[in-house]
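Shown next, in structure tokens, is the structure this report addresses.
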Amino acid sequence: MKNNKFIFDVDGTLTPSRRTIDADFAVFFTDFCANNDVYLVTGSDREKTLEQLGDEICSLVKRLYNCSGCDVWEGETNVRRSDWKLNPKTRSWLELRLKESKFPLRTGNHIEERTGMINFSIVGRNATLGERQLYVKHDQLYEERDKIAFDFNETFSKLEARPGGDTGIDIAPKGSDKSQILKDFSKDDFLYFFGDRMDIGGNDEPLARAIKRGYTFQVTDWKDTYNKLKNLNKEKSA
């Protein structure tokens, strides 16, 4: 049992996308982190993760892999970080796709540069919850993010784009996806990975596919994660 490691995505897995963790779930998950080896891997930066989950949970996890593992933290210590930056040619390509999109609303902060990666969003990172939901409906109808990611990957062979969360597309050099965190784990570790985007092209897929010893759980939302963890606890105590 000592080699059991639990890895969690954040947006859509532990919290509603871009929002804070449910209060009741936070109590349960805090206790879970105190009694298990827990790791978080998210496309968001550390500041946003602290805002979503709170200081206590983030201090209890063994490691916090921000920016899909490009910015790694143990408590207050920054273990390592990538120095990759977006080049002008790639930025221009994204700005053109932003201009061409049929979605009418723009809220600003469409190309958010993070450590070792960027997040591209047609509606913009400044969108309110209601504005984000409008884009989600648009994207479900037209599959815009999937199409942009596909075209991007055809154009830039050394980079990779994957839809993440509800409204964004995570872009980073190939090999800088969430699967890169596995270099920190032993071949003897038994991994349990929970994520909401393990579908083909989703930003949890590379890590789910790379795990050879363990279980992967594709969840629909944080409530699904909560239920699955409660069931695991029951199995452990049975």
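Residues are named by chain letter and number: chains run A, B, ... in the order of the structure tokens, numbers start at 1 in each chain, and ligands are numbered from 1 in the order shown.
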
| task | Might you pull out every residue within 9 Å of stretch 204-213 of chain A, with only C-alpha atoms counted and same-chain residues fewer than 6 positions away left off, and present them as a PyMOL selection string? | result | chain A and resi 9+164+177-182+187-198

Export of the given selection (N, CA and C atoms) as a compact mmCIF listing (two decimals), in the first residue's frame:
# COMPACT_ATOMS: atom_id res chain seq x y z
N ASP A 9 -6.07 15.77 -11.67
CA ASP A 9 -6.29 17.02 -12.39
C ASP A 9 -7.09 17.93 -11.45
N GLY A 164 -8.24 22.04 -23.03
CA GLY A 164 -8.19 21.84 -21.59
C GLY A 164 -9.25 22.69 -20.90
N ASP A 177 3.64 17.77 -22.05
CA ASP A 177 2.27 17.55 -21.58
C ASP A 177 2.32 16.93 -20.18
N LYS A 178 1.14 16.57 -19.66
CA LYS A 178 1.06 16.08 -18.28
C LYS A 178 1.84 14.78 -18.05
N SER A 179 2.11 14.02 -19.10
CA SER A 179 2.83 12.76 -18.93
C SER A 179 4.26 12.98 -18.47
N GLN A 180 4.79 14.20 -18.60
CA GLN A 180 6.18 14.46 -18.20
C GLN A 180 6.38 14.27 -16.70
N ILE A 181 5.32 14.31 -15.91
CA ILE A 181 5.48 14.18 -14.46
C ILE A 181 5.91 12.76 -14.07
N LEU A 182 5.71 11.79 -14.95
CA LEU A 182 6.00 10.40 -14.60
C LEU A 182 7.49 10.15 -14.34
N LYS A 187 9.06 2.89 -10.91
CA LYS A 187 8.37 1.80 -11.61
C LYS A 187 7.58 0.93 -10.64
N ASP A 188 7.89 1.05 -9.34
CA ASP A 188 7.17 0.28 -8.32
C ASP A 188 5.92 1.00 -7.81
N ASP A 189 5.77 2.26 -8.18
CA ASP A 189 4.59 3.02 -7.73
C ASP A 189 3.34 2.53 -8.44
N PHE A 190 2.26 2.43 -7.69
CA PHE A 190 0.96 2.07 -8.26
C PHE A 190 0.15 3.36 -8.29
N LEU A 191 -0.21 3.82 -9.50
CA LEU A 191 -0.78 5.14 -9.69
C LEU A 191 -2.29 5.09 -9.91
N TYR A 192 -2.97 6.00 -9.24
CA TYR A 192 -4.40 6.23 -9.46
C TYR A 192 -4.53 7.65 -10.01
N PHE A 193 -4.98 7.78 -11.24
CA PHE A 193 -5.08 9.10 -11.86
C PHE A 193 -6.54 9.44 -12.17
N PHE A 194 -6.98 10.62 -11.70
CA PHE A 194 -8.33 11.11 -11.92
C PHE A 194 -8.28 12.35 -12.80
N GLY A 195 -9.02 12.33 -13.92
CA GLY A 195 -9.06 13.49 -14.81
C GLY A 195 -10.35 13.50 -15.62
N ASP A 196 -10.72 14.67 -16.10
CA ASP A 196 -11.98 14.78 -16.86
C ASP A 196 -11.76 14.84 -18.37
N ARG A 197 -10.50 14.99 -18.83
CA ARG A 197 -10.25 15.11 -20.27
C ARG A 197 -9.25 14.04 -20.73
N MET A 198 -9.65 12.78 -20.55
CA MET A 198 -8.84 11.66 -21.02
C MET A 198 -9.25 11.22 -22.43

Per residue of stretch 113-223 of chain A within 9 Å of stretch 43-49 of chain A, record the nearest atom pair and its distance in Å to one decimal, counting only C-alpha atoms, with rows in chain order and ascending residue number, as CSV.
residue,atom,partner,partner_atom,distance
A:Arg114,CA,A:Asp45,CA,6.7
A:Thr115,CA,A:Asp45,CA,7.6
A:Met117,CA,A:Gly43,CA,8.5
A:Ile118,CA,A:Gly43,CA,9.0
A:Asn119,CA,A:Gly43,CA,8.2
A:Gly164,CA,A:Gly43,CA,7.5
A:Gly165,CA,A:Gly43,CA,8.6
A:Asp170,CA,A:Gly43,CA,7.1
A:Lys178,CA,A:Gly43,CA,8.3
A:Asn203,CA,A:Gly43,CA,8.3

- Query: Which polymer residues have any atom within 12 Å of an atom of A:Ser121, counting only C-alpha atoms, with same-chain residues fewer than 2 positions away left out, as a PyMOL selection string?
  - Reply: chain A and resi 94-95+97-99+101+103+105-113+118-119+123-127+132+135-136+139+144-145+148-149+161-171

Correct to one decimal, the distance atom CA of A:Lys174-atom CA of A:Val41 is 17.1 Å

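For the pair atom CA of A:Leu86 and atom CA of A:Gln52, the separation is 26.4 Å.
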
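Between atom CA of A:Phe152 and atom CA of A:Gly175 the separation is 15.9 Å.
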
(Q) Let me make sure I understand: among A:Glu51, A:Glu154, A:Asp71, A:Glu143, which one has the smallest atom-to-atom distance to A:Ile21 if we use only C-alpha atoms? (A)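 Ranking A:Glu51, A:Glu154, A:Asp71, A:Glu143 by distance to A:Ile21, first place goes to A:Glu51.
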